[in-house]
Amino acid sequence: MNKLTIEPSGGGVGAFVSGIDLNGKISADDISSVRNALGDHGVLFLRNQQISPEHHIAFAEQFAEININRFFTPVADYPKIAEVRKEPDQKKNIGGGWHTDHSYDTDPAIGSILLALETPPTGGDTIFASMYSAYETLSDGLKETLSRLRATHSSRHVFGPDAPRFKEKDNDIGDRLRNADTATQDAVHPMIIRHPISGRKALYVNPGFTVGIEGWAEKESKALLEMLYEHAKQPEHLYRFQWAPGSIAFWDNRATWHHAVNDYHGKRRLMHRVTLSGEALAA
C-alpha cells in the first residue's frame with residue numbers, strides 16, 4: 001500500500017494528497033494527518049477517487065457530522081449528499097462568485113468534500129483563496145483594527161425569495177436550489193478568527209454572504225469590505241484547481257474562499273458535495 005503523502009500545490013493555497021484510497025479502510029493515523037493538513041493548507045486535492053456515495057459519506061463522517069444543506073437539491077436516495085449540477089443548456093452555475101459556505105450560520109460548516117462525476121473537456125475550474133495569507137499580508141495597523149471588529153453575514157440576499165439574482169431575466173437556477181422561504185439565517189462573527197486546528201489567524205469576511213460590519217454605517221462597511229476583498233483576491237493568495245472525473249476538493253471554510261468558474265457553456269458538469277457541520281468561531 002502506498003504511503004500517504006501531502007505536497008503543497010505550488011500556488012497560494014492548498015495541497016495534493018496521494019497514497020490514500022477512499023474505497024478502502026483508512027487508518028486513524030491517516031485521518032489525523034488529513035485533518036491536520038486541512039488545517040495547515042486550507043484545501044486538499046485528491047485525484048482518481050472513483051468512489052460510491054456510501055464511501056463518500058463514510059469518509060466525511062470520520063471528520064464531523066454531516067450538515068444537510070437546506071438550499072441544495074439532494075442526490076436521489078442520498079439526502080446527505082448535495083447535487084451541484086449544470087446542464088449544457090443552462091447559463092447560470094452554482095457557486096459562481098467568491099464566497100465562503102455557511103458563514104450565515106451561527107455555527108458555520110467546517111467545509112465540504114466535493115467529488116467530480118462529470119466534467120467538461122475544458123473549463124469548469126474552481127479557484128481557491130487563502131484567508132491565512134490574506135490576513136498575514138495586511139499591515140500591522142489594519143490587523144489591530146480588524147481584531148476588534150465583527151461582521152454580519154446573511155443567507156437572505158443569496159438564497160431568499162427576494163434575492164436579486166432570482167429576478168434576473170437570464171437566471172435559470174430553477175430546481176437546482178430549493179427552500180427559499182427558509183433563508184432566514186443571520187450571524188455575527190469576528191472578522192479575524194483563529195483556526196481551531198492550525199492555530200493560525202485568518203480573515204473571515206467574504207463577498208458572497210457578508211453584509212456589513214457591526215456598529216458601522218453601510219457606507220463605511222462597504223468601503224472597508226471592498227478593500228479587503230480586493231486584497232484577498234490577489235494572485236499570490238490563489239490556486240486554480242482543474243477537475244477531472246474522480247477528483248476531490250476538500251476545503252475548509254474557516255481558511256479559504258472559493259469561486260466556481262462558469263466558462264463551459266454547452267457542456268455538462270456534475271458534482272456531489274458532502275458538507276461537514278462546524279462550531280462557533282473564536283477570535
# chains A, B, ... in the order shown; residues from 1 in each chain; ligands from 1
>>> residues_around(residues="region 256-269 of chain A", least_positions_apart="3", cutoff="8 Å", atoms="only C-alpha atoms", output="number ranges by chain")
A: 42-43, 85-100, 117-120, 122-132, 206, 251-253
>>> residues_around(residues="Val211 (chain A)", least_positions_apart="3", cutoff="8 Å", atoms="only C-alpha atoms", output="ChimeraX atom specification")
/A:151-154
>>> residues_around(residues="Leu224 (chain A)", least_positions_apart="2", cutoff="12 Å", atoms="only C-alpha atoms", output="JSON list (two decimals) with C-alpha atoms, in the first residue's frame")
[["chain", "number", "residue", "atom", "x", "y", "z"],
["A", 142, "LEU", "CA", -5.09, 47.11, 9.94],
["A", 145, "THR", "CA", -8.22, 47.38, 13.81],
["A", 146, "LEU", "CA", -9.84, 44.24, 12.40],
["A", 149, "LEU", "CA", -14.43, 44.16, 14.70],
["A", 151, "ALA", "CA", -19.17, 41.36, 10.72],
["A", 191, "MET", "CA", -13.57, 39.49, 11.26],
["A", 205, "VAL", "CA", -15.40, 38.00, 5.67],
["A", 207, "PRO", "CA", -18.21, 38.84, -0.82],
["A", 210, "THR", "CA", -21.01, 39.30, 4.48],
["A", 211, "VAL", "CA", -23.46, 42.22, 4.59],
["A", 212, "GLY", "CA", -21.84, 44.70, 6.96],
["A", 213, "ILE", "CA", -19.64, 45.48, 9.94],
["A", 216, "TRP", "CA", -20.65, 50.72, 11.28],
["A", 217, "ALA", "CA", -22.73, 52.64, 8.74],
["A", 218, "GLU", "CA", -23.41, 50.89, 5.43],
["A", 219, "LYS", "CA", -21.15, 53.28, 3.51],
["A", 220, "GLU", "CA", -18.29, 52.75, 5.97],
["A", 221, "SER", "CA", -18.70, 48.98, 5.94],
["A", 222, "LYS", "CA", -18.78, 48.80, 2.16],
["A", 226, "GLU", "CA", -14.38, 46.08, -0.67],
["A", 227, "MET", "CA", -10.76, 46.92, 0.12],
["A", 228, "LEU", "CA", -10.36, 43.62, 1.98],
["A", 229, "TYR", "CA", -11.99, 41.67, -0.87],
["A", 230, "GLU", "CA", -9.66, 43.16, -3.47],
["A", 231, "HIS", "CA", -6.69, 42.38, -1.25]]
>>> atom_distance(atom1="CA of Ser247 (chain A)", atom2="CA of Ser112 (chain A)")
13.5 Å
>>> select_by_dssp(residues="region 103-232 of chain A", states="alpha helix (DSSP H)", output="PyMOL selection string")
chain A and resi 131-136+140-146+156-159+218-232
>>> residues_around(residues="His195 (chain A)", least_positions_apart="3", cutoff="9 Å", atoms="only C-alpha atoms", output="PyMOL selection string")
chain A and resi 39+198-202+254-255+281-283
>>> closest_residue(among="A:Ala109, A:His102, A:Ser139, A:Asn171", to="Asp186 (chain A)", atoms="only C-alpha atoms")
A:His102
>>> atom_distance(atom1="CA of Thr275 (chain A)", atom2="CA of Thr73 (chain A)")
13.2 Å
>>> closest_residue(among="A:Ala249, A:Ile26, A:Val158, A:Val75", to="Phe209 (chain A)", atoms="only C-alpha atoms")
A:Val158
>>> closest_residue(among="A:Thr137, A:Asn69, A:Gln62, A:Gln185", to="Arg156 (chain A)", atoms="only C-alpha atoms")
A:Gln185
>>> atom_distance(atom1="CA of Ser155 (chain A)", atom2="CA of Val84 (chain A)")
18.2 Å
>>> residues_around(residues="region 32-37 of chain A", least_positions_apart="2", cutoff="12 Å", atoms="only C-alpha atoms", output="NGL selection string")
:A and (3-8 or 13-20 or 26-30 or 39-46 or 59-60 or 62-64 or 110-111 or 195-199 or 250-252 or 255)
>>> closest_residue(among="A:Tyr78, A:Tyr104, A:Phe72, A:Tyr135", to="Ile193 (chain A)", atoms="only C-alpha atoms")
A:Tyr135
>>> decode(residues="region 124-260 of chain A", atoms="C-alpha atoms", output="JSON list (two decimals), in the first residue's frame")
[["chain", "number", "residue", "atom", "x", "y", "z"],
["A", 124, "GLY", "CA", -15.20, 24.46, -15.02],
["A", 125, "ASP", "CA", -12.22, 25.03, -12.70],
["A", 126, "THR", "CA", -12.59, 26.16, -9.09],
["A", 127, "ILE", "CA", -10.33, 28.91, -7.75],
["A", 128, "PHE", "CA", -9.44, 28.88, -4.05],
["A", 129, "ALA", "CA", -8.05, 31.75, -1.98],
["A", 130, "SER", "CA", -6.14, 31.54, 1.30],
["A", 131, "MET", "CA", -7.57, 33.64, 4.12],
["A", 132, "TYR", "CA", -4.43, 32.88, 6.14],
["A", 133, "SER", "CA", -2.31, 34.59, 3.51],
["A", 134, "ALA", "CA", -4.87, 37.38, 3.09],
["A", 135, "TYR", "CA", -4.62, 38.14, 6.81],
["A", 136, "GLU", "CA", -0.87, 37.74, 7.13],
["A", 137, "THR", "CA", -0.14, 40.23, 4.34],
["A", 138, "LEU", "CA", -2.19, 43.05, 5.90],
["A", 139, "SER", "CA", -0.42, 45.86, 7.71],
["A", 140, "ASP", "CA", 0.01, 45.57, 11.47],
["A", 141, "GLY", "CA", -2.23, 48.60, 11.95],
["A", 142, "LEU", "CA", -5.09, 47.11, 9.94],
["A", 143, "LYS", "CA", -4.69, 43.74, 11.69],
["A", 144, "GLU", "CA", -5.10, 45.54, 15.02],
["A", 145, "THR", "CA", -8.22, 47.38, 13.81],
["A", 146, "LEU", "CA", -9.84, 44.24, 12.40],
["A", 147, "SER", "CA", -9.12, 42.27, 15.57],
["A", 148, "ARG", "CA", -11.71, 44.42, 17.36],
["A", 149, "LEU", "CA", -14.43, 44.16, 14.70],
["A", 150, "ARG", "CA", -17.26, 41.75, 13.97],
["A", 151, "ALA", "CA", -19.17, 41.36, 10.72],
["A", 152, "THR", "CA", -22.73, 40.31, 9.93],
["A", 153, "HIS", "CA", -23.40, 37.50, 7.45],
["A", 154, "SER", "CA", -26.75, 36.55, 5.91],
["A", 155, "SER", "CA", -28.33, 33.95, 3.62],
["A", 156, "ARG", "CA", -31.32, 36.14, 2.69],
["A", 157, "HIS", "CA", -29.84, 38.08, -0.24],
["A", 158, "VAL", "CA", -28.45, 34.91, -1.87],
["A", 159, "PHE", "CA", -30.99, 32.15, -1.23],
["A", 160, "GLY", "CA", -34.12, 34.04, -0.10],
["A", 161, "PRO", "CA", -37.25, 34.62, -2.23],
["A", 162, "ASP", "CA", -36.31, 38.28, -2.70],
["A", 163, "ALA", "CA", -32.70, 37.57, -3.69],
["A", 164, "PRO", "CA", -31.74, 39.84, -6.60],
["A", 165, "ARG", "CA", -30.40, 37.02, -8.75],
["A", 166, "PHE", "CA", -33.78, 35.28, -8.83],
["A", 167, "LYS", "CA", -35.19, 38.39, -10.52],
["A", 168, "GLU", "CA", -32.61, 38.37, -13.33],
["A", 169, "LYS", "CA", -34.10, 37.57, -16.72],
["A", 170, "ASP", "CA", -31.42, 35.03, -17.61],
["A", 171, "ASN", "CA", -31.49, 33.25, -14.25],
["A", 172, "ASP", "CA", -32.07, 29.53, -14.79],
["A", 173, "ILE", "CA", -31.01, 28.06, -11.45],
["A", 174, "GLY", "CA", -34.55, 26.64, -11.24],
["A", 175, "ASP", "CA", -34.88, 23.37, -9.34],
["A", 176, "ARG", "CA", -31.18, 23.21, -8.58],
["A", 177, "LEU", "CA", -31.84, 25.29, -5.44],
["A", 178, "ARG", "CA", -34.82, 24.99, -3.11],
["A", 179, "ASN", "CA", -36.46, 26.16, 0.14],
["A", 180, "ALA", "CA", -36.05, 29.89, -0.49],
["A", 181, "ASP", "CA", -38.50, 30.62, 2.33],
["A", 182, "THR", "CA", -36.07, 29.09, 4.84],
["A", 183, "ALA", "CA", -33.32, 31.62, 4.02],
["A", 184, "THR", "CA", -33.67, 33.45, 7.33],
["A", 185, "GLN", "CA", -30.17, 32.98, 8.72],
["A", 186, "ASP", "CA", -28.14, 35.91, 10.05],
["A", 187, "ALA", "CA", -24.97, 35.55, 12.10],
["A", 188, "VAL", "CA", -22.25, 37.77, 13.52],
["A", 189, "HIS", "CA", -18.64, 36.55, 13.58],
["A", 190, "PRO", "CA", -15.23, 38.06, 14.37],
["A", 191, "MET", "CA", -13.57, 39.49, 11.26],
["A", 192, "ILE", "CA", -10.35, 37.81, 12.32],
["A", 193, "ILE", "CA", -10.65, 34.24, 13.61],
["A", 194, "ARG", "CA", -8.13, 31.76, 14.99],
["A", 195, "HIS", "CA", -8.29, 28.42, 13.21],
["A", 196, "PRO", "CA", -9.10, 25.61, 15.68],
["A", 197, "ILE", "CA", -6.72, 23.12, 14.02],
["A", 198, "SER", "CA", -3.71, 25.17, 12.95],
["A", 199, "GLY", "CA", -3.97, 28.00, 15.47],
["A", 200, "ARG", "CA", -3.27, 30.48, 12.66],
["A", 201, "LYS", "CA", -5.28, 33.68, 12.24],
["A", 202, "ALA", "CA", -7.48, 34.10, 9.16],
["A", 203, "LEU", "CA", -9.57, 36.85, 7.63],
["A", 204, "TYR", "CA", -13.23, 35.90, 7.99],
["A", 205, "VAL", "CA", -15.40, 38.00, 5.67],
["A", 206, "ASN", "CA", -16.49, 37.13, 2.14],
["A", 207, "PRO", "CA", -18.21, 38.84, -0.82],
["A", 208, "GLY", "CA", -20.98, 36.26, -1.00],
["A", 209, "PHE", "CA", -22.55, 36.45, 2.44],
["A", 210, "THR", "CA", -21.01, 39.30, 4.48],
["A", 211, "VAL", "CA", -23.46, 42.22, 4.59],
["A", 212, "GLY", "CA", -21.84, 44.70, 6.96],
["A", 213, "ILE", "CA", -19.64, 45.48, 9.94],
["A", 214, "GLU", "CA", -21.27, 45.55, 13.35],
["A", 215, "GLY", "CA", -21.75, 49.13, 14.57],
["A", 216, "TRP", "CA", -20.65, 50.72, 11.28],
["A", 217, "ALA", "CA", -22.73, 52.64, 8.74],
["A", 218, "GLU", "CA", -23.41, 50.89, 5.43],
["A", 219, "LYS", "CA", -21.15, 53.28, 3.51],
["A", 220, "GLU", "CA", -18.29, 52.75, 5.97],
["A", 221, "SER", "CA", -18.70, 48.98, 5.94],
["A", 222, "LYS", "CA", -18.78, 48.80, 2.16],
["A", 223, "ALA", "CA", -15.54, 50.78, 1.78],
["A", 224, "LEU", "CA", -13.54, 48.61, 4.17],
["A", 225, "LEU", "CA", -15.01, 45.31, 3.00],
["A", 226, "GLU", "CA", -14.38, 46.08, -0.67],
["A", 227, "MET", "CA", -10.76, 46.92, 0.12],
["A", 228, "LEU", "CA", -10.36, 43.62, 1.98],
["A", 229, "TYR", "CA", -11.99, 41.67, -0.87],
["A", 230, "GLU", "CA", -9.66, 43.16, -3.47],
["A", 231, "HIS", "CA", -6.69, 42.38, -1.25],
["A", 232, "ALA", "CA", -7.78, 38.75, -0.71],
["A", 233, "LYS", "CA", -8.24, 38.16, -4.47],
["A", 234, "GLN", "CA", -4.62, 38.99, -5.29],
["A", 235, "PRO", "CA", -2.88, 36.23, -7.33],
["A", 236, "GLU", "CA", -0.38, 35.36, -4.63],
["A", 237, "HIS", "CA", -3.23, 34.05, -2.43],
["A", 238, "LEU", "CA", -4.84, 31.83, -5.10],
["A", 239, "TYR", "CA", -4.76, 28.36, -6.63],
["A", 240, "ARG", "CA", -6.87, 27.28, -9.62],
["A", 241, "PHE", "CA", -7.87, 23.61, -9.46],
["A", 242, "GLN", "CA", -8.63, 21.72, -12.68],
["A", 243, "TRP", "CA", -11.22, 18.99, -12.27],
["A", 244, "ALA", "CA", -11.50, 15.55, -13.84],
["A", 245, "PRO", "CA", -13.88, 12.69, -13.03],
["A", 246, "GLY", "CA", -12.77, 11.23, -9.69],
["A", 247, "SER", "CA", -11.18, 14.47, -8.49],
["A", 248, "ILE", "CA", -11.95, 15.68, -4.98],
["A", 249, "ALA", "CA", -11.51, 19.05, -3.32],
["A", 250, "PHE", "CA", -11.83, 19.04, 0.47],
["A", 251, "TRP", "CA", -11.88, 22.64, 1.63],
["A", 252, "ASP", "CA", -12.02, 24.38, 4.98],
["A", 253, "ASN", "CA", -14.43, 27.33, 5.11],
["A", 254, "ARG", "CA", -12.51, 28.81, 8.03],
["A", 255, "ALA", "CA", -9.34, 29.27, 5.99],
["A", 256, "THR", "CA", -10.45, 29.74, 2.37],
["A", 257, "TRP", "CA", -12.78, 31.29, -0.16],
["A", 258, "HIS", "CA", -13.72, 29.57, -3.42],
["A", 259, "HIS", "CA", -15.16, 30.56, -6.81],
["A", 260, "ALA", "CA", -16.60, 28.11, -9.36]]
